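**Q** File follows, coords-v3.cif with mmCIF, C-alpha atoms and all ligand atoms:
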```cif
data_query
#
loop_
_atom_site.label_atom_id
_atom_site.label_comp_id
_atom_site.auth_asym_id
_atom_site.auth_seq_id
_atom_site.Cartn_x
_atom_site.Cartn_y
_atom_site.Cartn_z
CA MET A 234 21.64 -17.49 -53.11
CA THR A 235 20.13 -18.01 -49.64
CA SER A 236 17.48 -20.72 -49.31
CA ALA A 237 13.96 -19.98 -48.02
CA PRO A 238 13.58 -20.26 -44.24
CA LEU A 239 12.10 -23.46 -42.84
CA LEU A 240 9.94 -21.50 -40.41
CA GLU A 241 8.81 -17.90 -40.67
CA LEU A 242 6.89 -16.02 -37.98
CA SER A 243 5.31 -12.78 -39.15
CA GLU A 244 3.86 -10.31 -36.65
CA VAL A 245 2.61 -13.10 -34.37
CA GLY A 246 0.51 -11.81 -31.47
CA LYS A 247 -1.42 -13.58 -28.70
CA ASN A 248 -3.91 -12.04 -26.29
CA PHE A 249 -5.26 -13.84 -23.24
CA GLY A 250 -8.30 -11.73 -22.41
CA GLY A 251 -6.92 -8.21 -22.19
CA PHE A 252 -3.34 -9.37 -21.66
CA ALA A 253 -0.95 -9.36 -24.64
CA ALA A 254 1.40 -12.33 -24.06
CA LEU A 255 2.99 -11.92 -27.53
CA LYS A 256 3.26 -8.73 -29.54
CA ALA A 257 4.16 -8.74 -33.24
CA VAL A 258 6.84 -11.43 -33.00
CA SER A 259 8.71 -11.90 -36.28
CA PHE A 260 11.74 -14.05 -36.98
CA THR A 261 12.84 -16.86 -39.23
CA VAL A 262 14.46 -20.22 -38.63
CA PRO A 263 16.77 -21.20 -41.48
CA THR A 264 16.87 -24.77 -42.77
CA GLY A 265 19.56 -26.71 -40.88
CA GLY A 266 21.39 -25.80 -37.71
CA ILE A 267 20.25 -24.75 -34.27
CA THR A 268 18.28 -21.59 -33.48
CA GLY A 269 17.70 -20.48 -29.89
CA LEU A 270 14.83 -18.69 -28.17
CA MET A 271 15.57 -17.14 -24.78
CA GLY A 272 13.70 -14.91 -22.40
CA PRO A 273 12.98 -14.38 -18.71
CA ASN A 274 10.11 -16.24 -17.01
CA GLY A 275 6.75 -15.24 -18.42
CA SER A 276 8.21 -13.59 -21.53
CA GLY A 277 6.09 -15.75 -23.87
CA LYS A 278 8.38 -18.58 -24.98
CA THR A 279 5.98 -21.45 -24.29
CA THR A 280 3.08 -19.50 -25.75
CA LEU A 281 5.08 -19.09 -28.96
CA PHE A 282 5.95 -22.81 -29.05
CA ASN A 283 2.27 -23.63 -28.53
CA ILE A 284 1.39 -21.45 -31.51
CA ILE A 285 4.09 -22.89 -33.78
CA SER A 286 3.12 -26.48 -32.94
CA GLY A 287 -0.61 -25.77 -33.29
CA PHE A 288 -1.78 -26.23 -29.68
CA ILE A 289 -3.17 -22.69 -29.65
CA ALA A 290 -4.01 -20.22 -32.43
CA PRO A 291 -2.39 -16.79 -32.62
CA SER A 292 -4.59 -13.71 -32.20
CA ASN A 293 -2.66 -12.01 -35.03
CA GLY A 294 -0.01 -12.78 -37.58
CA THR A 295 1.04 -15.90 -39.46
CA VAL A 296 3.26 -18.93 -39.06
CA ALA A 297 4.70 -20.32 -42.31
CA TYR A 298 6.48 -23.66 -42.50
CA ARG A 299 8.37 -24.66 -45.66
CA GLY A 300 7.01 -21.54 -47.33
CA LYS A 301 3.31 -22.19 -46.59
CA ALA A 302 1.03 -20.70 -43.93
CA ILE A 303 0.03 -23.51 -41.53
CA GLY A 304 -2.53 -21.72 -39.36
CA HIS A 305 -5.29 -24.10 -40.53
CA GLN A 306 -3.32 -27.28 -39.71
CA SER A 307 -3.86 -29.36 -36.57
CA VAL A 308 -1.07 -30.48 -34.22
CA GLN A 309 -1.19 -33.94 -35.84
CA GLU A 310 -1.00 -32.60 -39.39
CA ARG A 311 1.99 -30.44 -38.48
CA SER A 312 3.68 -33.36 -36.82
CA LEU A 313 3.12 -35.56 -39.90
CA ASP A 314 4.81 -32.80 -41.90
CA GLY A 315 7.87 -33.05 -39.67
CA LEU A 316 7.15 -30.33 -37.13
CA VAL A 317 7.71 -32.19 -33.86
CA ARG A 318 7.99 -30.78 -30.32
CA THR A 319 8.92 -31.72 -26.79
CA PHE A 320 7.56 -30.22 -23.57
CA GLN A 321 8.99 -28.35 -20.60
CA THR A 322 7.91 -31.25 -18.39
CA PRO A 323 8.80 -34.49 -20.20
CA LYS A 324 5.68 -36.31 -21.33
CA VAL A 325 6.53 -39.97 -20.96
CA PHE A 326 4.17 -42.97 -20.90
CA GLU A 327 5.06 -44.10 -17.40
CA ARG A 328 3.80 -47.68 -17.65
CA LEU A 329 5.37 -48.42 -21.02
CA THR A 330 8.99 -49.51 -21.38
CA VAL A 331 11.62 -47.16 -22.77
CA VAL A 332 11.62 -48.82 -26.21
CA GLU A 333 7.81 -48.80 -26.32
CA ASN A 334 7.86 -45.08 -25.57
CA VAL A 335 10.26 -44.54 -28.46
CA MET A 336 8.02 -46.67 -30.71
CA THR A 337 5.08 -44.36 -30.03
CA GLY A 338 7.06 -41.58 -31.72
CA ALA A 339 6.90 -43.53 -34.99
CA TYR A 340 3.29 -44.68 -34.97
CA LYS A 341 1.97 -41.74 -36.92
CA LYS A 342 4.06 -42.81 -39.92
CA THR A 343 3.36 -46.56 -39.87
CA ARG A 344 0.97 -47.82 -42.54
CA SER A 345 -1.32 -49.85 -40.37
CA GLY A 346 -1.18 -47.66 -37.25
CA LEU A 347 -1.87 -48.46 -33.66
CA MET A 348 -5.44 -49.73 -34.08
CA ALA A 349 -4.54 -52.29 -36.77
CA GLY A 350 -1.68 -53.37 -34.52
CA LEU A 351 -4.24 -54.30 -31.89
CA LEU A 352 -5.97 -56.59 -34.42
CA ASN A 353 -2.73 -58.58 -34.66
CA THR A 354 -2.66 -59.28 -38.42
CA PRO A 355 0.57 -60.69 -39.98
CA ALA A 356 1.20 -57.38 -41.78
CA SER A 357 0.78 -55.38 -38.61
CA ARG A 358 2.99 -57.82 -36.67
CA ARG A 359 5.78 -57.37 -39.24
CA GLU A 360 5.38 -53.64 -39.02
CA ILE A 361 5.51 -53.68 -35.23
CA ASP A 362 8.69 -55.80 -35.31
CA ALA A 363 10.31 -53.35 -37.73
CA THR A 364 9.16 -50.39 -35.62
CA ARG A 365 10.62 -52.04 -32.50
CA GLU A 366 13.97 -52.69 -34.24
CA ALA A 367 14.18 -49.08 -35.39
CA ALA A 368 13.23 -47.85 -31.91
CA LEU A 369 15.93 -50.06 -30.34
CA ALA A 370 18.52 -48.53 -32.68
CA THR A 371 17.33 -45.09 -31.58
CA CYS A 372 17.56 -46.12 -27.92
CA ARG A 373 21.21 -47.06 -28.50
CA LYS A 374 21.85 -43.78 -30.30
CA PHE A 375 20.52 -41.84 -27.30
CA ASP A 376 22.43 -43.97 -24.73
CA LEU A 377 19.25 -45.73 -23.64
CA GLY A 378 20.13 -49.18 -25.02
CA ALA A 379 20.86 -50.64 -21.59
CA VAL A 380 17.48 -49.51 -20.21
CA ALA A 381 15.37 -50.17 -23.32
CA GLY A 382 13.31 -52.83 -21.53
CA LYS A 383 12.88 -50.86 -18.33
CA GLN A 384 9.58 -49.24 -17.35
CA ALA A 385 9.79 -45.52 -18.09
CA SER A 386 8.54 -44.54 -14.62
CA LEU A 387 11.80 -45.89 -13.18
CA LEU A 388 14.08 -43.57 -15.18
CA PRO A 389 15.98 -40.74 -13.48
CA ALA A 390 15.55 -37.18 -14.79
CA GLY A 391 18.49 -37.24 -17.23
CA GLN A 392 17.32 -40.38 -18.99
CA ARG A 393 13.70 -39.14 -19.08
CA ARG A 394 14.87 -36.08 -20.97
CA LEU A 395 16.86 -38.25 -23.38
CA LEU A 396 13.84 -40.52 -23.78
CA GLU A 397 11.62 -37.62 -24.75
CA LEU A 398 14.24 -36.50 -27.23
CA ALA A 399 14.56 -40.03 -28.64
CA ARG A 400 10.80 -40.31 -29.07
CA ALA A 401 10.61 -36.97 -30.87
CA TYR A 402 13.53 -38.06 -33.09
CA GLN A 403 11.65 -41.26 -33.94
CA GLY A 404 8.84 -39.09 -35.31
CA ASP A 405 11.13 -38.19 -38.22
CA PRO A 406 11.27 -34.43 -37.60
CA GLN A 407 12.43 -31.80 -40.04
CA LEU A 408 11.99 -29.11 -37.43
CA LEU A 409 12.41 -30.16 -33.82
CA LEU A 410 11.02 -27.74 -31.21
CA LEU A 411 12.63 -28.35 -27.83
CA ASP A 412 11.15 -26.68 -24.74
CA GLU A 413 13.75 -26.45 -21.93
CA PRO A 414 15.38 -29.83 -22.73
CA SER A 415 18.02 -29.45 -20.00
CA SER A 416 15.77 -28.32 -17.17
CA GLY A 417 16.41 -30.35 -14.01
CA LEU A 418 19.63 -31.90 -15.36
CA THR A 419 23.10 -32.02 -13.79
CA THR A 420 26.12 -30.49 -15.56
CA THR A 421 27.20 -33.91 -16.82
CA GLU A 422 23.68 -34.68 -18.07
CA ILE A 423 23.56 -31.29 -19.83
CA GLU A 424 26.80 -32.17 -21.61
CA ALA A 425 25.26 -35.47 -22.75
CA MET A 426 22.15 -33.62 -23.94
CA THR A 427 24.31 -31.09 -25.83
CA ASP A 428 26.13 -33.93 -27.61
CA LYS A 429 22.83 -35.48 -28.68
CA LEU A 430 21.51 -32.16 -30.00
CA ARG A 431 24.69 -31.75 -32.04
CA LEU A 432 24.26 -35.29 -33.36
CA ILE A 433 20.65 -34.60 -34.38
CA ALA A 434 21.63 -31.34 -36.08
CA SER A 435 24.47 -33.10 -37.93
CA GLU A 436 21.84 -35.31 -39.58
CA GLY A 437 20.25 -32.24 -41.16
CA ILE A 438 17.38 -31.86 -38.68
CA THR A 439 16.69 -28.22 -37.83
CA ILE A 440 16.35 -27.44 -34.12
CA LEU A 441 14.57 -24.53 -32.43
CA ILE A 442 15.39 -24.62 -28.75
CA VAL A 443 13.96 -22.75 -25.77
CA SER A 444 16.31 -22.69 -22.82
CA HIS A 445 17.46 -20.66 -19.84
CA ASP A 446 20.69 -22.59 -19.84
CA MET A 447 23.51 -20.46 -21.23
CA ASP A 448 25.82 -23.46 -21.68
CA LEU A 449 23.24 -25.37 -23.70
CA MET A 450 22.25 -22.23 -25.61
CA GLY A 451 25.90 -21.87 -26.66
CA ILE A 452 25.24 -24.49 -29.38
CA ALA A 453 22.73 -22.20 -31.14
CA GLU A 454 24.11 -20.29 -34.12
CA ASN A 455 21.47 -17.60 -33.80
CA ILE A 456 19.44 -16.61 -30.75
CA HIS A 457 16.25 -14.53 -30.42
CA VAL A 458 15.45 -12.99 -27.07
CA LEU A 459 11.87 -12.39 -25.93
CA ASP A 460 10.91 -9.97 -23.18
CA PHE A 461 7.31 -9.10 -22.28
CA GLY A 462 6.15 -10.73 -25.52
CA ARG A 463 8.48 -8.84 -27.86
CA ILE A 464 11.74 -9.78 -29.55
CA ILE A 465 14.31 -7.42 -28.04
CA CYS A 466 17.47 -8.84 -29.61
CA SER A 467 18.60 -11.36 -32.25
CA GLY A 468 22.16 -12.48 -32.86
CA SER A 469 24.96 -14.81 -31.83
CA MET A 470 25.42 -15.75 -28.18
CA ALA A 471 28.23 -13.16 -27.89
CA GLU A 472 26.00 -10.44 -29.38
CA VAL A 473 23.09 -11.36 -27.14
CA GLN A 474 25.26 -11.35 -24.02
CA GLU A 475 26.60 -7.90 -24.89
CA ASN A 476 23.19 -6.42 -25.63
CA THR A 477 22.04 -3.74 -23.19
CA ALA A 478 18.32 -4.54 -23.51
CA VAL A 479 19.01 -8.22 -22.78
CA ARG A 480 21.10 -7.35 -19.73
CA GLU A 481 18.31 -5.12 -18.48
CA ALA A 482 15.69 -7.83 -19.05
CA TYR A 483 17.69 -10.47 -17.19
CA LEU A 484 19.50 -8.47 -14.57
CA GLY A 485 17.37 -5.35 -14.31
CA VAL A 486 20.49 -3.20 -14.74
N1 LIG B 501 -3.75 -19.67 -21.00
C1 LIG B 501 -3.32 -18.52 -20.49
N2 LIG B 501 -4.18 -17.62 -19.97
C2 LIG B 501 -3.75 -16.46 -19.46
N3 LIG B 501 -2.46 -16.06 -19.43
C3 LIG B 501 -1.56 -16.92 -19.93
C4 LIG B 501 -1.93 -18.18 -20.49
N4 LIG B 501 -0.79 -18.81 -20.92
C5 LIG B 501 0.22 -17.97 -20.64
N5 LIG B 501 -0.23 -16.84 -20.04
C6 LIG B 501 0.59 -15.69 -19.62
O1 LIG B 501 1.35 -15.29 -20.76
C7 LIG B 501 2.65 -14.89 -20.35
C8 LIG B 501 3.69 -15.72 -21.10
O2 LIG B 501 3.65 -17.06 -20.59
P1 LIG B 501 4.59 -18.22 -21.15
O3 LIG B 501 4.29 -19.46 -20.39
O4 LIG B 501 4.48 -18.26 -22.62
O5 LIG B 501 6.03 -17.65 -20.74
P2 LIG B 501 7.43 -18.39 -20.74
O6 LIG B 501 8.40 -17.41 -21.31
O7 LIG B 501 7.33 -19.71 -21.38
O8 LIG B 501 7.68 -18.56 -19.17
P3 LIG B 501 8.50 -19.68 -18.37
O9 LIG B 501 9.96 -19.45 -18.66
O10 LIG B 501 8.19 -19.36 -16.93
O11 LIG B 501 8.00 -21.01 -18.80
C9 LIG B 501 2.72 -15.07 -18.83
O12 LIG B 501 2.45 -13.81 -18.23
C10 LIG B 501 1.61 -16.06 -18.56
O13 LIG B 501 1.07 -15.86 -17.25
#
```
Go ahead and render the structure in this file as structure tokens.
**A**
Amino acid sequence: MTSAPLLELSEVGKNFGGFAALKAVSFTVPTGGITGLMGPNGSGKTTLFNIISGFIAPSNGTVAYRGKAIGHQSVQERSLDGLVRTFQTPKVFERLTVVENVMTGAYKKTRSGLMAGLLNTPASRREIDATREAALATCRKFDLGAVAGKQASLLPAGQRRLLELARAYQGDPQLLLLDEPSSGLTTTEIEAMTDKLRLIASEGITILIVSHDMDLMGIAENIHVLDFGRIICSGSMAEVQENTAVREAYLGV
């Protein structure tokens, strides 16, 4: 018996004025493992991520998460339910330290929350200490232990990407949406990123990843390819690379 998909997109469309950025996009993301989303520039990948995470509403179609339509849920509600995303350009709190940045990933699930923390009650102090300890453990897991106390603005590109990943991980995701996590990284940094994604997936967290990077995309078990707002191919990396429509979309041949 196959289990229900974690995420199901049905006929999702998005119009910006008269322009159809997405046209009847349907696919599922199974629970567990890594699913990829590829496509040339402007094919609609970020628009689809924005719809799944709740930043924009689709013009048509539905997004179901854990078997339920989530169109009415805000970004925050989705994130509390374990649907956590990163951005093409890493969003890091520049003036906070690395560990403080990671702590912000967990605040939504603390009992007292950020505001109570500011009031400095004993309960909130204990909670902050526990949150900091957990964030430090995450820093070490993502090879950021040595720079945990450093201001985030001082990090080079590779560590910024890892920091964004660590912060998303601290938000306790069930489905992690990663938008171009290796963009701007060197080959060695991409290898480090790949290892961390494998580690996250091995803990049972499902990953949906957008990337242009064929090496990084090689870790996805199943890949969907968008072109001009439509899915033109779905399959393994080998199947996608062999597909004529994909070759035409990327190479124009
Ligand atoms: N808010 C908007 N208003 C109008 N058009 C938009 C808007 N957002 C996206 N588009 C258009 O929709 C199409 C898809 O854009 P999107 O950013 O989703 O593509 P992408 O595949 O993520 O591209 P890239 O790889 O360059 O990031 C593009 O033609 C883009 O210009």
**Q** May I have the residues within 6 Å of ligand LIG 501 (chain B), computed using all atoms listed in the file, as a VMD selection string?
**A** chain A and resid 249 254 272 to 280
**Q** Could you give me, as number ranges by chain, the residues within 12 Å of A:Ala482, counting only C-alpha atoms and dropping anything in the same chain fewer than 2 positions from it?
**A** A: 271-276, 458-466, 473-474, 476-480, 484-486
**Q** For stretch 415-417 of chain A, find every residue with an atom within 10 Å (counting all atoms listed in the file), except residues of its own chain fewer than 6 positions away, and show them as a PyMOL selection string.
**A** chain A and resi 321-323+390-391+394-395+423-427+443-446+448-449
**Q** Find the distance between atom CA of A:Leu388 and atom CA of A:Arg431 and write it in Å to one decimal.
**A**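 Spanning atom CA of A:Leu388 to atom CA of A:Arg431 is a straight-line distance of 23.2 Å.
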**Q** Rounded to one decimal place, report the atom CA of A:Leu316-atom CA of A:Gln407 distance in Å.
**A**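 Here the two named atoms are 6.2 Å from each other.
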**Q** Find, counting all atoms listed in the file, the residue in A:Glu360, A:Glu481, A:Glu454, A:Glu244 that gets nearest to A:Pro263.
**A**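 Checking each of A:Glu360, A:Glu481, A:Glu454, A:Glu244 against A:Pro263, counting all atoms listed in the file, the winner is A:Glu454.
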**Q** For atom CA of A:Gly468 and atom CA of A:Phe320, determine how far apart the two atoms are, in Å to one decimal place.
**A** 24.8 Å
**Q** What are the nearest atom pairs, with distances in Å to one decimal, for all residues of stretch 301-386 of chain A that come at most 8 Å from stretch 399-404 of chain A, using all atoms listed in the file, set out by chain and rising residue number as JSON lines?
**A**
```
{"residue": "A:Ser312", "atom": "CA", "partner": "A:Gly404", "partner_atom": "CA", "distance": 7.9}
{"residue": "A:Gly315", "atom": "CA", "partner": "A:Gly404", "partner_atom": "CA", "distance": 7.5}
{"residue": "A:Val317", "atom": "CA", "partner": "A:Ala401", "partner_atom": "CA", "distance": 6.3}
{"residue": "A:Arg318", "atom": "CA", "partner": "A:Ala401", "partner_atom": "CA", "distance": 6.7}
{"residue": "A:Thr319", "atom": "CA", "partner": "A:Ala401", "partner_atom": "CA", "distance": 6.9}
{"residue": "A:Asn334", "atom": "CA", "partner": "A:Arg400", "partner_atom": "CA", "distance": 6.6}
{"residue": "A:Val335", "atom": "CA", "partner": "A:Arg400", "partner_atom": "CA", "distance": 4.3}
{"residue": "A:Met336", "atom": "CA", "partner": "A:Arg400", "partner_atom": "CA", "distance": 7.1}
{"residue": "A:Thr337", "atom": "CA", "partner": "A:Arg400", "partner_atom": "CA", "distance": 7.1}
{"residue": "A:Gly338", "atom": "CA", "partner": "A:Gly404", "partner_atom": "CA", "distance": 4.7}
{"residue": "A:Ala339", "atom": "CA", "partner": "A:Gly404", "partner_atom": "CA", "distance": 4.9}
{"residue": "A:Tyr340", "atom": "CA", "partner": "A:Gly404", "partner_atom": "CA", "distance": 7.9}
{"residue": "A:Lys341", "atom": "CA", "partner": "A:Gly404", "partner_atom": "CA", "distance": 7.5}
{"residue": "A:Lys342", "atom": "CA", "partner": "A:Gly404", "partner_atom": "CA", "distance": 7.6}
{"residue": "A:Ala368", "atom": "CA", "partner": "A:Gln403", "partner_atom": "CA", "distance": 7.1}
{"residue": "A:Thr371", "atom": "CA", "partner": "A:Ala399", "partner_atom": "CA", "distance": 6.5}
{"residue": "A:Cys372", "atom": "CA", "partner": "A:Ala399", "partner_atom": "CA", "distance": 6.8}
{"residue": "A:Phe375", "atom": "CA", "partner": "A:Ala399", "partner_atom": "CA", "distance": 6.4}
```
**Q** Write out as a VMD selection string each polymer residue whose atoms come within 9 Å of stretch 286-291 of chain A, counting all atoms listed in the file; drop sequence neighbours fewer than 6 positions from it.
**A** chain A and resid 245 to 248 255 280 303 to 309 311 to 312 316 to 318 410
